[in-house]
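**Q** Okay, here's the structure, questions in a sec.
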There are 2 protein chains.
Amino acid sequence: MARRAAEIKLPVIEHDTLHGRIYHELRKALMSGAVQPGQSLSYRGLADALGTSPMPVRDAVRRLITERALEARPNRTIIVPKLSIEQIEEVYKIRIELEGLATEEAAAKVTDRDLTELRGLEEEMEAAQKEGAVRKYVDLNWRFHFKIYALAGMPQLTELIESLWLQIGPMINKQLAAFDHHQAAVDGLSRRDGAAARLAIAKDLSEARETLISRLRADQEEAPRPSRARRAR
Amino acid sequence: MARRAAEIKLPVIEHDTLHGRIYHELRKALMSGAVQPGQSLSYRGLADALGTSPMPVRDAVRRLITERALEARPNRTIIVPKLSIEQIEEVYKIRIELEGLATEEAAAKVTDRDLTELRGLEEEMEAAQKEGAVRKYVDLNWRFHFKIYALAGMPQLTELIESLWLQIGPMINKQLAAFDHHQAAVDGLSRRDGAAARLAIAKDLSEARETLISRLRADQEEAPRPSRARRAR
DNA sequence: TCACAGTTGATGTGATCACAATAATGAGGG
DNA sequence: CCCTCATTATTGTGATCACATCAACTGTGA
């Protein structure tokens with residue numbers, strides 16, 4: 001009986017724990033840009049905002065800290081990290097390896113059904129870009145990439161990539177990159193050419209890195225404000 | 001003044017927190033094989049063994065859980081994971097990418113001083129292998145690899161690789177692999193040939209994976225004991 | 001207007017408690 | 001000897017409390 005249930009694909013054991021829900025809530029907040037890099041958080045503040053005790057918040061936040069999505073400063077303060085350009089470049093180097101690996105593995109397992117799904121996402125992204133729907137575009141971009149990575153059938157790898165996205169999530173509020181590399185990636189996948197698909201994803205990431213860094217450099221020059229950071233929530 | 005202190009290289013802010021010390025203690029226990037894969041742990045049990053309250057143990061264990069060095073089963077039980085062969089292969093695929101990247105970056109930054117240090121470690125490993133000092137060999141192997149990865153100057157990458165070693169740590173109790181690939185890696189580094197060094201490390205890892213998996217297959221056949229697992233500590 | 005020292009308030013850490021849920025145990029029947 | 005079921009012991013989760021430590025504010029002096 002138990003064996004039978006285990007054979008059903010992805011029963012999604014919704015870990016019905018409070019800190020688990022808070023964890024996912026904070027994740028969403030980070031990805032959506034609801035909290036700014038540099039902003040500081042506190043257990044009690046979040047607990048009050050969520051209507052719970054600080055305990056499950058502590059569990060959720062500590063988990064995000066070990067995933068580097070939040071940062072515990074030695075000052076006994078918790079902030080959402082503001083990555084240096086060096087750190088951003090390190091993250092992207094790792095992402096290119098890991099997402100490249102996932103793409104290459106995906107090429108060996110992709111089905112025609114998956115390909116039409118990917119092309120559909122691509123079209124939607126094009127539409128979103130034309131009408132300037134940034135929010136929607138970012139969401140579709142996530143789904144496009146992780147649709148590919150899921151094909152690899154490597155759950156731990158997917159999890160690692162997710163944590164890397166989460167780290168730079170707060171910094172890409174409103175970024176609307178090109179998608180020609182996406183088309184090249186799908187082409188590579190459709191030819192089951194892992195190397196080509198991998199290269200396309202690598203280019204996509206490199207380009208995203210460049211636009212992010214150049215925007216950061218611009219912001220840095222026009223606003224070198226060392227104004228005192230406030231604590232929120 | 002504070003600025004002056006920040007310029008000193010790596011002041012190593014030893015976070016003097018109790019859960020931090022427990023975390024490192026558990027890490028050591030996992031790497032040394034003091035706890036067996038499949039063994040289950042409990043907060044209170046560990047706390048009693050360490051003479052503290054369950055609280056800091058909980059923090060340390062939860063951190064190890066998000067690093068996949070421990071596993072929280074849905075049964076409300078914590079065990080040290082017993083990886084399936086599929087999972088092991090996934091970990092090694094990721095390791096080859098990540099440790100390959102680190103090696104390649106290291107080749108661009110390695111100094112002659114580093115090279116002599118690496119050759120020294122290599123010699124020590126040879127000696128340890130000859131006298132069958134497994135414990136020492138494993139330790140030297142760690143130092144050799146991470147000496148290289150440290151050269152890359154990518155702290156997050158190093159941390160990721162460490163967590164991957166920690167995951168398979170409990171399974172490589174007594175394994176004494178070859179080191180000819182180590183020599184090839186040092187050669188590649190000395191020629192500043194990143195690709196060659198990367199390839200050598202990849203071969204080293206592939207070989208380690210093969211011996212681990214074949215040993216696991218052998219153990220599995222000779223002892224298909226589904227005997228009830230006991231809870232320890 | 002700014003800088004700086006003194007005080008107050010809030011924070012993370014760790015300990016302890018309560019509780020529902022699960023695992024371990026042991027008795028009773030096949 | 002093995003399986004089944006009821007009882008007991010132990011577990012992770014979450015809440016609350018105590019405390020040393022630092023951040024944020026206040027007022028004073030230039």
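Scheme for the structure tokens: letters A, B, ... for chains in order shown; per-chain residue numbers from 1; ligand numbers from 1 in order shown.
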Report as a Markdown table the residues of chain A within 7 Å of chain B, each with its shortest atom pair and distance in Å (one decimal), using only C-alpha atoms, ordered by chain and increasing residue number.
**A**
```
| residue | atom | partner | partner_atom | distance |
| --- | --- | --- | --- | --- |
| A:Arg63 | CA | B:Thr66 | CA | 6.6 |
| A:Thr66 | CA | B:Arg63 | CA | 6.5 |
| A:Glu90 | CA | B:Met154 | CA | 6.5 |
| A:Glu97 | CA | B:Glu97 | CA | 6.1 |
| A:Met154 | CA | B:Glu90 | CA | 6.5 |
```
**Q** Show me, as a PyMOL selection string, the residues that have an atom within 7 Å of range 117-127 of chain A when counting only C-alpha atoms (C1' of nucleotides), minus same-chain residues fewer than 5 positions from it.
**A** chain A and resi 137+140+144
**Q** Which residues, written as an MDAnalysis selection string, have at least one atom at most 8 Å from range 4-12 of chain D, with only C-alpha atoms (C1' of nucleotides) counted and residues fewer than 2 positions away on the same chain left out?
**A** (chainID B and resid 42 76:77) or (chainID C and resid 22:25)
**Q** Grab the CA of Gly45 in chain B to C1' of DA18 in chain C distance for me, in Å with one decimal place.
**A** 19.3 Å
**Q** As JSON, numbers by chain, could you give me every residue of chain C near chain B (at most 8 Å apart, counting only C-alpha atoms (C1' of nucleotides))?
**A** {"C": [13, 14, 15, 22]}
**Q** Mind dumping the selected residues with C-alpha atoms (C1' of nucleotides) as a compact mmCIF listing (two decimals), in the first residue's frame?
**A**
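Output (out_35.txt):
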```
# COMPACT_ATOMS: atom_id res chain seq x y z
C1' DT C 13 21.54 33.37 21.31
C1' DG C 14 20.48 29.86 24.20
C1' DA C 15 17.45 27.45 27.72
C1' DT C 22 5.57 9.07 15.55
```
**Q** Counting only C-alpha atoms (C1' of nucleotides), which residues of chain D come no farther than 10 Å from chain A, as a JSON list (two decimals) with N, CA and C atoms (P, O5', C5', C4', C3', O3' and C1' of nucleotides), in the first residue's frame?
**A**
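For reference, selection22.json as written:
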```json
[["chain", "number", "residue", "atom", "x", "y", "z"],
["D", 13, "DT", "P", 11.32, 19.71, 12.92],
["D", 13, "DT", "O5'", 10.14, 20.39, 13.74],
["D", 13, "DT", "C5'", 8.80, 20.07, 13.40],
["D", 13, "DT", "C4'", 7.83, 20.92, 14.20],
["D", 13, "DT", "C3'", 8.06, 22.43, 14.07],
["D", 13, "DT", "O3'", 6.85, 23.01, 13.62],
["D", 13, "DT", "C1'", 7.84, 21.80, 16.35],
["D", 14, "DG", "P", 6.84, 24.49, 13.02],
["D", 14, "DG", "O5'", 6.53, 25.38, 14.31],
["D", 14, "DG", "C5'", 5.27, 25.22, 14.94],
["D", 14, "DG", "C4'", 5.31, 25.79, 16.34],
["D", 14, "DG", "C3'", 5.70, 27.27, 16.44],
["D", 14, "DG", "O3'", 4.55, 28.02, 16.81],
["D", 14, "DG", "C1'", 6.68, 25.93, 18.17],
["D", 15, "DA", "P", 4.58, 29.58, 17.12],
["D", 15, "DA", "O5'", 4.79, 29.60, 18.71],
["D", 15, "DA", "C5'", 3.80, 29.01, 19.53],
["D", 15, "DA", "C4'", 4.12, 29.27, 21.00],
["D", 15, "DA", "C3'", 4.45, 30.74, 21.34],
["D", 15, "DA", "O3'", 3.70, 31.12, 22.48],
["D", 15, "DA", "C1'", 6.18, 29.30, 22.10],
["D", 16, "DT", "P", 3.66, 32.64, 22.98],
["D", 16, "DT", "O5'", 4.70, 32.66, 24.18],
["D", 16, "DT", "C5'", 4.63, 31.64, 25.18],
["D", 16, "DT", "C4'", 5.82, 31.73, 26.11],
["D", 16, "DT", "C3'", 6.25, 33.16, 26.48],
["D", 16, "DT", "O3'", 6.33, 33.25, 27.88],
["D", 16, "DT", "C1'", 8.11, 31.86, 25.83],
["D", 21, "DT", "P", 28.65, 40.45, 26.79],
["D", 21, "DT", "O5'", 27.95, 41.02, 25.47],
["D", 21, "DT", "C5'", 27.54, 40.12, 24.46],
["D", 21, "DT", "C4'", 26.94, 40.91, 23.30],
["D", 21, "DT", "C3'", 27.73, 42.17, 22.94],
["D", 21, "DT", "O3'", 27.85, 42.25, 21.54],
["D", 21, "DT", "C1'", 25.48, 42.72, 23.30],
["D", 22, "DC", "P", 29.13, 42.87, 20.82],
["D", 22, "DC", "O5'", 28.51, 44.15, 20.08],
["D", 22, "DC", "C5'", 27.78, 43.92, 18.91],
["D", 22, "DC", "C4'", 26.52, 44.75, 18.90],
["D", 22, "DC", "C3'", 26.71, 46.16, 18.36],
["D", 22, "DC", "O3'", 26.10, 46.22, 17.09],
["D", 22, "DC", "C1'", 25.14, 46.04, 20.15],
["D", 23, "DA", "P", 26.43, 47.42, 16.08],
["D", 23, "DA", "O5'", 25.02, 48.11, 15.86],
["D", 23, "DA", "C5'", 23.91, 47.31, 15.51],
["D", 23, "DA", "C4'", 22.61, 48.07, 15.70],
["D", 23, "DA", "C3'", 22.59, 49.45, 15.04],
["D", 23, "DA", "O3'", 21.29, 49.66, 14.48],
["D", 23, "DA", "C1'", 22.27, 49.68, 17.38]]
```
**Q** Write out as a PyMOL selection string all residues of range 5-228 of chain B that DSSP puts in helix (DSSP H, G or I) for this structure's backbone.
**A** chain B and resi 5-7+18-31+43-50+54-66+85-107+112-130+134-151+155-171+180-190+194-222
**Q** Which residues are near Pro170 in chain A? Cut-off 6 Å, only C-alpha atoms (C1' of nucleotides), ignore same chain within fewer than 3 positions. Put them as an mmCIF file with N, CA and C atoms, in the first residue's frame.
**A**
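Saved to around17.cif:
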```cif
data_model
loop_
_atom_site.group_PDB
_atom_site.id
_atom_site.type_symbol
_atom_site.label_atom_id
_atom_site.label_comp_id
_atom_site.auth_asym_id
_atom_site.auth_seq_id
_atom_site.Cartn_x
_atom_site.Cartn_y
_atom_site.Cartn_z
ATOM 1 N N LEU A 30 11.965 37.708 -1.673
ATOM 2 C CA LEU A 30 13.287 38.019 -2.197
ATOM 3 C C LEU A 30 13.283 38.060 -3.721
ATOM 4 N N MET A 31 12.621 37.095 -4.326
ATOM 5 C CA MET A 31 12.627 37.037 -5.788
ATOM 6 C C MET A 31 11.825 38.168 -6.409
ATOM 7 N N GLY A 33 11.563 41.129 -5.301
ATOM 8 C CA GLY A 33 12.118 42.444 -5.036
ATOM 9 C C GLY A 33 11.363 43.209 -3.966
#
```
**Q** Based on the backbone DSSP call, show me all residues of range 17-208 of chain A assigned strand (DSSP E or B), as a VMD selection string.
**A** chain A and resid 40 to 41 71 to 73 77 to 79
**Q** Now that the selection is made, can you save its residues with N, CA and C atoms as a short mmCIF file (atom, residue, chain, number, x, y, z; two decimals), in the first residue's frame?
**A**
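Final output, saved to selection-v9.cif:
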```cif
data_model
loop_
_atom_site.label_atom_id
_atom_site.label_comp_id
_atom_site.auth_asym_id
_atom_site.auth_seq_id
_atom_site.Cartn_x
_atom_site.Cartn_y
_atom_site.Cartn_z
N SER A 40 17.82 45.46 6.37
CA SER A 40 18.04 44.53 7.47
C SER A 40 16.71 44.02 8.01
N LEU A 41 16.76 42.79 8.48
CA LEU A 41 15.56 42.12 8.99
C LEU A 41 15.79 41.69 10.42
N GLU A 71 22.08 37.16 4.85
CA GLU A 71 23.44 37.22 5.39
C GLU A 71 23.41 37.61 6.85
N ALA A 72 24.11 36.85 7.67
CA ALA A 72 24.22 37.17 9.09
C ALA A 72 25.51 37.95 9.29
N ARG A 73 25.36 39.24 9.51
CA ARG A 73 26.53 40.07 9.74
C ARG A 73 27.08 39.79 11.14
N THR A 77 23.35 41.18 13.07
CA THR A 77 22.31 41.76 12.23
C THR A 77 22.10 40.86 11.03
N ILE A 78 20.88 40.83 10.55
CA ILE A 78 20.56 40.03 9.37
C ILE A 78 20.15 40.96 8.26
N ILE A 79 20.81 40.85 7.12
CA ILE A 79 20.46 41.70 5.99
C ILE A 79 20.27 40.87 4.74
#
```
**Q** Give me the residues within 12 Å of Glu210 in chain A as number ranges by chain, counting only C-alpha atoms (C1' of nucleotides) and dropping any in the same chain fewer than 6 places off.
**A** A: 85, 88-89, 92, 175, 177, 203-204, 216-217
**Q** What does the structure give for the distance between CA of Gln36 in chain B and CA of Ile168 in chain B, in Å to one decimal?
**A**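 These two atoms are separated by 11.4 Å.
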